[in-house]
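Shown here: run-v1.cif, mmCIF, C-alpha atoms.
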data_input
#
loop_
_atom_site.label_atom_id
_atom_site.label_comp_id
_atom_site.auth_asym_id
_atom_site.auth_seq_id
_atom_site.Cartn_x
_atom_site.Cartn_y
_atom_site.Cartn_z
CA MET A 233 19.47 24.01 20.33
CA ASN A 234 21.39 26.13 17.82
CA LYS A 235 19.51 27.38 14.80
CA PRO A 236 20.81 26.11 11.44
CA SER A 237 22.99 28.54 9.55
CA THR A 238 22.01 30.03 6.20
CA GLN A 239 24.42 27.70 4.39
CA GLN A 240 22.91 24.66 6.10
CA ALA A 241 19.38 25.81 5.24
CA ILE A 242 20.36 26.32 1.60
CA LEU A 243 21.92 22.85 1.50
CA VAL A 244 18.84 21.23 3.03
CA TYR A 245 16.43 22.94 0.66
CA THR A 246 18.67 22.12 -2.31
CA LEU A 247 18.70 18.43 -1.39
CA LEU A 248 14.94 18.48 -0.86
CA GLY A 249 14.49 20.14 -4.26
CA ILE A 250 16.65 17.50 -5.95
CA ALA A 251 14.73 14.71 -4.21
CA LEU A 252 11.42 16.28 -5.26
CA ILE A 253 12.55 16.49 -8.88
CA VAL A 254 13.75 12.87 -8.85
CA PHE A 255 10.47 11.56 -7.43
CA MET A 256 8.13 13.81 -9.40
CA THR A 257 9.76 13.39 -12.83
CA PRO A 258 8.32 9.89 -13.47
CA ILE A 259 4.86 11.09 -12.40
CA TYR A 260 5.14 14.08 -14.74
CA LEU A 261 6.22 11.85 -17.62
CA ILE A 262 3.30 9.48 -17.03
CA ALA A 263 0.77 12.31 -16.77
CA SER A 264 2.07 14.21 -19.80
CA SER A 265 2.43 11.10 -21.96
CA SER A 266 -1.12 10.03 -21.14
CA VAL A 267 -2.48 13.15 -22.88
CA LYS A 268 0.06 13.33 -25.71
CA PRO A 269 -1.03 12.36 -29.22
CA SER A 270 0.62 9.09 -30.22
CA PRO A 271 2.63 10.53 -33.16
CA ILE A 272 4.62 12.88 -30.88
CA MET A 273 4.89 10.66 -27.80
CA PHE A 274 8.49 9.63 -28.59
CA GLN A 275 9.49 12.69 -30.56
CA LYS A 276 13.09 13.87 -30.10
CA PRO A 277 13.57 16.36 -28.64
CA PRO A 278 10.42 15.85 -26.55
CA ALA A 279 7.52 18.09 -27.49
CA MET A 280 6.98 20.47 -24.57
CA ILE A 281 4.05 22.30 -26.18
CA PHE A 282 1.25 20.20 -27.66
CA GLU A 283 -2.53 20.00 -27.79
CA PRO A 284 -3.65 17.55 -25.07
CA THR A 285 -5.94 14.72 -26.01
CA LEU A 286 -8.08 12.34 -23.97
CA ASP A 287 -8.13 9.67 -26.65
CA HIS A 288 -5.94 7.32 -24.62
CA TYR A 289 -8.35 7.49 -21.68
CA ARG A 290 -11.35 6.92 -23.95
CA ASP A 291 -9.66 3.91 -25.51
CA LEU A 292 -8.67 2.63 -22.08
CA PHE A 293 -12.22 2.48 -20.77
CA ALA A 294 -13.94 1.73 -24.09
CA MET A 295 -11.87 -1.17 -25.45
CA ARG A 296 -11.58 -3.12 -22.19
CA PRO A 297 -13.56 -3.26 -18.93
CA PHE A 298 -10.88 -1.27 -17.15
CA GLY A 299 -13.39 0.13 -14.67
CA LYS A 300 -14.08 -3.43 -13.52
CA PHE A 301 -10.36 -4.02 -12.94
CA ILE A 302 -10.13 -0.82 -10.89
CA GLY A 303 -13.07 -2.03 -8.84
CA ASN A 304 -11.34 -5.38 -8.28
CA SER A 305 -8.20 -3.61 -7.09
CA LEU A 306 -10.17 -1.42 -4.70
CA MET A 307 -12.07 -4.40 -3.32
CA VAL A 308 -8.90 -6.41 -2.76
CA ALA A 309 -6.83 -3.53 -1.37
CA LEU A 310 -9.50 -2.25 1.03
CA GLY A 311 -10.49 -5.78 2.09
CA SER A 312 -6.92 -6.81 2.81
CA THR A 313 -6.19 -3.52 4.60
CA ALA A 314 -9.24 -3.82 6.87
CA PHE A 315 -8.59 -7.49 7.60
CA SER A 316 -4.88 -6.96 8.29
CA VAL A 317 -5.27 -3.87 10.48
CA PHE A 318 -8.07 -5.50 12.52
CA PHE A 319 -6.36 -8.79 13.29
CA GLY A 320 -2.83 -7.37 13.24
CA SER A 321 -3.64 -4.76 15.88
CA ILE A 322 -5.19 -7.40 18.15
CA ALA A 323 -2.14 -9.64 17.82
CA ALA A 324 0.20 -6.69 18.36
CA TYR A 325 -1.65 -5.70 21.53
CA ALA A 326 -1.31 -9.22 22.90
CA ILE A 327 2.42 -9.33 22.14
CA SER A 328 2.91 -5.88 23.68
CA ARG A 329 1.05 -6.60 26.92
CA ILE A 330 1.74 -10.29 27.61
CA LYS A 331 5.03 -10.59 29.46
CA HIS A 332 6.55 -13.95 28.60
CA LYS A 333 10.12 -14.95 27.87
CA ARG A 334 9.11 -16.54 24.55
CA MET A 335 6.99 -13.62 23.34
CA ASN A 336 9.88 -12.09 21.40
CA ASP A 337 10.30 -15.40 19.59
CA VAL A 338 6.61 -15.34 18.67
CA ALA A 339 6.98 -11.81 17.34
CA PHE A 340 9.98 -12.77 15.24
CA TRP A 341 8.16 -15.83 13.89
CA ILE A 342 5.30 -13.58 12.79
CA LEU A 343 7.77 -11.24 11.08
CA SER A 344 9.46 -14.19 9.34
CA MET A 345 6.21 -14.83 7.47
CA ARG A 346 6.87 -11.55 5.65
CA MET A 347 10.29 -12.74 4.49
CA PHE A 348 9.16 -15.40 2.02
CA PRO A 349 9.87 -14.37 -1.58
CA PRO A 350 6.56 -14.28 -3.50
CA ILE A 351 7.87 -16.51 -6.29
CA ALA A 352 8.52 -19.28 -3.73
CA VAL A 353 4.93 -19.46 -2.49
CA VAL A 354 2.84 -18.51 -5.52
CA VAL A 355 2.66 -22.11 -6.84
CA PRO A 356 1.48 -23.59 -3.50
CA TYR A 357 -1.11 -20.80 -3.27
CA TYR A 358 -2.26 -21.60 -6.80
CA ILE A 359 -2.73 -25.28 -5.99
CA ILE A 360 -4.57 -24.52 -2.72
CA PHE A 361 -6.99 -22.01 -4.24
CA LYS A 362 -7.65 -24.19 -7.26
CA THR A 363 -8.44 -27.12 -4.96
CA VAL A 364 -10.90 -25.15 -2.81
CA GLY A 365 -12.44 -23.31 -5.75
CA LEU A 366 -11.21 -19.81 -4.92
CA LEU A 367 -8.96 -19.32 -7.93
CA ASP A 368 -9.69 -16.12 -9.87
CA THR A 369 -11.66 -14.56 -7.00
CA PRO A 370 -11.00 -11.40 -4.95
CA ILE A 371 -11.14 -13.51 -1.77
CA ALA A 372 -8.02 -15.39 -2.83
CA LEU A 373 -6.04 -12.18 -3.24
CA ILE A 374 -7.36 -10.77 0.04
CA ILE A 375 -6.14 -13.90 1.85
CA VAL A 376 -2.73 -13.83 0.16
CA TYR A 377 -2.16 -10.13 0.73
CA SER A 378 -3.28 -10.40 4.34
CA THR A 379 -0.65 -13.07 5.04
CA ALA A 380 1.95 -10.48 4.06
CA ASN A 381 0.27 -7.44 5.60
CA ILE A 382 -0.60 -8.87 9.02
CA PRO A 383 3.07 -9.42 10.06
CA LEU A 384 3.90 -5.86 8.99
CA THR A 385 0.92 -4.52 10.93
CA VAL A 386 1.88 -6.51 14.03
CA TRP A 387 5.38 -5.07 14.12
CA LEU A 388 4.26 -1.53 13.42
CA MET A 389 1.42 -1.58 15.96
CA LYS A 390 3.49 -3.24 18.66
CA GLY A 391 5.74 -0.19 18.77
CA PHE A 392 2.75 2.12 19.13
CA PHE A 393 1.12 -0.01 21.84
CA ASP A 394 4.42 -0.03 23.75
CA GLU A 395 4.22 3.78 23.83
CA VAL A 396 0.76 3.76 25.48
CA PRO A 397 1.17 3.93 29.30
CA THR A 398 -0.24 0.90 31.07
CA ALA A 399 -1.33 3.23 33.88
CA LEU A 400 -4.18 4.43 31.67
CA GLU A 401 -5.38 0.88 31.20
CA GLU A 402 -5.11 0.20 34.92
CA ALA A 403 -7.19 3.30 35.65
CA ALA A 404 -9.83 2.13 33.18
CA ALA A 405 -9.86 -1.30 34.82
CA VAL A 406 -10.47 0.35 38.20
CA ASP A 407 -13.45 2.15 36.65
CA GLY A 408 -14.94 -1.20 35.73
CA HIS A 409 -13.87 -1.66 32.10
CA GLY A 410 -13.07 -5.14 30.88
CA LEU A 411 -10.12 -6.14 28.70
CA ILE A 412 -11.99 -5.75 25.43
CA SER A 413 -13.47 -2.41 26.48
CA ILE A 414 -10.03 -1.15 27.53
CA PHE A 415 -8.55 -2.15 24.18
CA TRP A 416 -11.27 -0.53 22.04
CA LYS A 417 -11.98 2.58 24.13
CA VAL A 418 -8.60 3.42 25.66
CA THR A 419 -5.59 1.84 24.00
CA LEU A 420 -6.63 1.69 20.35
CA PRO A 421 -7.69 5.38 20.07
CA LEU A 422 -4.32 6.42 21.51
CA ALA A 423 -2.60 4.28 18.88
CA ALA A 424 -4.68 5.72 16.01
CA PRO A 425 -1.60 7.16 14.24
CA GLY A 426 -0.19 3.64 14.13
CA LEU A 427 -3.40 2.41 12.55
CA ALA A 428 -3.06 5.07 9.86
CA VAL A 429 0.56 4.12 9.13
CA SER A 430 -0.29 0.43 8.99
CA ALA A 431 -3.33 1.04 6.78
CA VAL A 432 -1.31 3.10 4.30
CA PHE A 433 1.44 0.50 3.97
CA CYS A 434 -1.07 -2.35 3.66
CA PHE A 435 -3.12 -0.49 1.06
CA ILE A 436 -0.12 0.48 -1.06
CA PHE A 437 1.25 -3.07 -1.06
CA SER A 438 -2.13 -4.58 -1.95
CA TRP A 439 -2.90 -1.94 -4.58
CA ASN A 440 0.44 -2.22 -6.40
CA GLU A 441 1.11 -5.98 -6.07
CA PHE A 442 1.57 -7.69 -9.43
CA LEU A 443 2.90 -11.26 -9.23
CA PHE A 444 0.15 -12.85 -7.13
CA ALA A 445 -2.52 -10.96 -9.06
CA LEU A 446 -1.03 -12.20 -12.34
CA MET A 447 -0.81 -15.86 -11.29
CA LEU A 448 -3.97 -16.22 -9.20
CA THR A 449 -6.52 -14.29 -11.26
CA GLY A 450 -8.03 -14.41 -14.71
CA SER A 451 -10.76 -12.40 -16.38
CA ASN A 452 -13.03 -12.24 -13.32
CA ALA A 453 -10.76 -10.94 -10.54
CA GLN A 454 -7.98 -9.35 -12.57
CA THR A 455 -6.56 -6.20 -10.94
CA ALA A 456 -5.60 -2.92 -12.56
CA PRO A 457 -1.78 -3.43 -12.62
CA VAL A 458 -2.21 -6.75 -14.47
CA ALA A 459 -4.74 -5.17 -16.83
CA VAL A 460 -2.28 -2.39 -17.74
CA MET A 461 0.40 -4.92 -18.62
CA SER A 462 -2.00 -6.59 -21.05
CA PHE A 463 -1.45 -3.63 -23.36
CA TRP A 464 2.13 -4.83 -23.81
CA SER A 465 2.40 -7.71 -26.28
CA SER A 466 4.82 -9.10 -28.84
CA ASP A 467 2.81 -7.51 -31.63
CA ALA A 468 2.61 -3.96 -30.31
CA VAL A 469 3.03 -1.82 -27.23
CA GLN A 470 0.09 0.52 -26.69
CA TRP A 471 2.01 3.20 -24.80
CA GLY A 472 -0.85 5.66 -24.71
CA ARG A 473 -3.16 3.27 -22.88
CA ILE A 474 -0.35 2.11 -20.61
CA MET A 475 0.38 5.68 -19.55
CA ALA A 476 -3.31 6.50 -19.12
CA GLY A 477 -3.88 3.34 -17.08
CA SER A 478 -0.79 4.01 -14.95
CA PHE A 479 -1.98 7.52 -14.14
CA VAL A 480 -5.45 6.27 -13.22
CA ILE A 481 -3.86 3.69 -10.91
CA LEU A 482 -1.91 6.45 -9.14
CA ILE A 483 -5.02 8.34 -8.10
CA PRO A 484 -6.60 6.00 -5.47
CA GLY A 485 -3.28 5.57 -3.66
CA VAL A 486 -2.73 9.32 -3.48
CA VAL A 487 -6.31 9.90 -2.28
CA PHE A 488 -5.96 7.22 0.41
CA VAL A 489 -2.68 8.67 1.69
CA LEU A 490 -4.08 12.20 1.76
CA THR A 491 -7.13 10.95 3.65
CA CYS A 492 -4.88 9.43 6.33
CA GLN A 493 -2.38 12.31 6.26
CA ARG A 494 -3.58 13.83 9.51
CA TRP A 495 -2.70 10.67 11.45
CA LEU A 496 0.07 9.51 9.13
CA VAL A 497 2.45 12.40 9.84
CA ARG A 498 1.96 12.03 13.58
CA GLY A 499 2.41 8.28 13.35
CA LEU A 500 5.65 8.45 11.36
CA THR A 501 7.15 10.97 13.79
CA MET A 502 5.88 9.40 17.03
CA GLY A 503 8.76 8.58 19.31
CA SER A 504 11.20 10.93 17.58
CA VAL A 505 10.59 13.70 20.14
CA LYS A 506 10.19 13.02 23.84
#
Would you kindly transcribe this structure into structure tokens?
Amino acid sequence: MNKPSTQQAILVYTLLGIALIVFMTPIYLIASSSVKPSPIMFQKPPAMIFEPTLDHYRDLFAMRPFGKFIGNSLMVALGSTAFSVFFGSIAAYAISRIKHKRMNDVAFWILSMRMFPPIAVVVPYYIIFKTVGLLDTPIALIIVYSTANIPLTVWLMKGFFDEVPTALEEAAAVDGHGLISIFWKVTLPLAAPGLAVSAVFCFIFSWNEFLFALMLTGSNAQTAPVAVMSFWSSDAVQWGRIMAGSFVILIPGVVFVLTCQRWLVRGLTMGSVK
């Protein structure tokens, strides 16, 4: 394989630099605005040198139970992620290993469950959860998010299970392992990068989701994204608290991704090099 020329390397790094600036600029604006005094937040030209303040963060956690909303988001996101990865990986393993002419149709049907627009199903969900008494509870959101995350997990994990040689499972069976033991002790550890990828996508979707959380929760199970939007009203827009809340919401997602980074990079690149 020929090494890239100097011009190609310069072009690649230039494009990467532009992409980094594009993606990091909103994060910088959120972080800087969250510590800017309100009088200079919209100053033109923007104030580049100012004395940082933590007043917006104090107001965020003092005026409203924002810590409770963060806890609700963590509970829902982690619960949905664990539920989806557990059951999704089992379903994906069955689809990958069972050889049947209709299995591809089953896989596509599972994927089609991910295609429903949220606005089309939020009213039926509302009626169902109100009828069974689960409205405004974290369990309701965990169920709803899992219905969207499980199909994604199935399709992601199926690709990883397809990469695991069946000869390893056959050797384990010869050694006396049963089907469940083979799955947990042989196949699943080899597909650990896929679990990391699936967990990250499930967590990010559950953590950032807004519409279902807005329609299916109230004061008890309200999540952080909905709580941040409550600072926006017809009377006033509390930009300082919005920016502070947005930056706080960024942190758990970044921590979760960094925690899974070791397996995530391997999982995203698996299959690209033989």
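For Ala399 in chain A, the residues within 12 Å (counting all atoms listed in the file, excluding itself and residues fewer than 6 positions away along the chain) are Ala405, Val406, Ile414, Val418 and Thr419 of chain A.
Non-sequential neighbours of Gly391 in chain A (distance at most 12 Å, separation of 3 or more positions within a chain, only C-alpha atoms) are Ser321, Ala324, Tyr325, Ile327, Ser328, Arg329, Ala339, Leu384, Thr385, Val386, Trp387, Leu388, Asp394, Glu395, Val396, Ala423, Pro425, Gly426, Leu427, Val429, Ser430, Gly499, Leu500, Met502 and Gly503 of chain A.
If all atoms listed in the file are the atoms counted, then among A:Thr246, A:Ser344, A:Thr313, A:Ser413 the closest residue to Val376 in chain A is A:Thr313.
You can rank A:Ala453, A:Ala380, A:Ile242, A:Val267 by their closest distance to Arg290 in chain A using all atoms listed in the file, and at the top of that list sits A:Val267.
Counting from CA of Glu401 in chain A, the distance to CA of Met389 in chain A is 16.9 Å.
CA of Phe479 in chain A lies 9.7 Å from CA of Ser265 in chain A.
The coordinates place CA of Gln454 in chain A at 16.3 Å from CA of Tyr357 in chain A.
With all atoms listed in the file as the atoms that count, the residue of A:Phe274, A:Phe488, A:Phe444, A:Tyr260 with the shortest distance to Phe361 in chain A is A:Phe444.
Shell of Met307 in chain A at 10 Å, with all atoms listed in the file counted and residues fewer than 3 places along the chain excluded, is Phe301, Ile302, Gly303, Asn304, Leu310, Gly311, Ser312, Thr313, Pro370, Ile371, Leu373, Ile374, Trp439, Ala453 and Thr455 of chain A.
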Checklist outcome for this item: Using all atoms listed in the file, the best pick from A:Phe318, A:Tyr358, A:Phe293, A:Tyr377 as closest to Phe437 in chain A would be A:Tyr377
Next on the checklist: Suppose a student applies the PyMOL selection byres ((chain A and resi 489) around 12) to this structure; what residues should they get, written as a count of residues only?
Outcome noted: 24
Item to check | Who sits within 10 Å of His288 in chain A, all atoms listed in the file, same chain under 4 positions skipped, as a PyMOL selection string | outcome: chain A and resi 265-270+292-294+470-477
Next on the checklist: For the PyMOL selection byres ((chain A and resi 350) around 12), applied here, can you spell out every residue it catches as an MDAnalysis selection string?
Outcome noted: chainID A and resid 345:349 351:358 376:377 379:380 441:447
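When only C-alpha atoms are used to measure the gap to Asp368 in chain A, the shortest distance among A:Asn336, A:Thr449, A:Ser465, A:Ser237 belongs to A:Thr449.
Ranking A:Ala424, A:Leu286, A:Leu252, A:Ile322 by their shortest atom-to-atom distance to Leu411 in chain A, with only C-alpha atoms included, puts A:Ile322 first.
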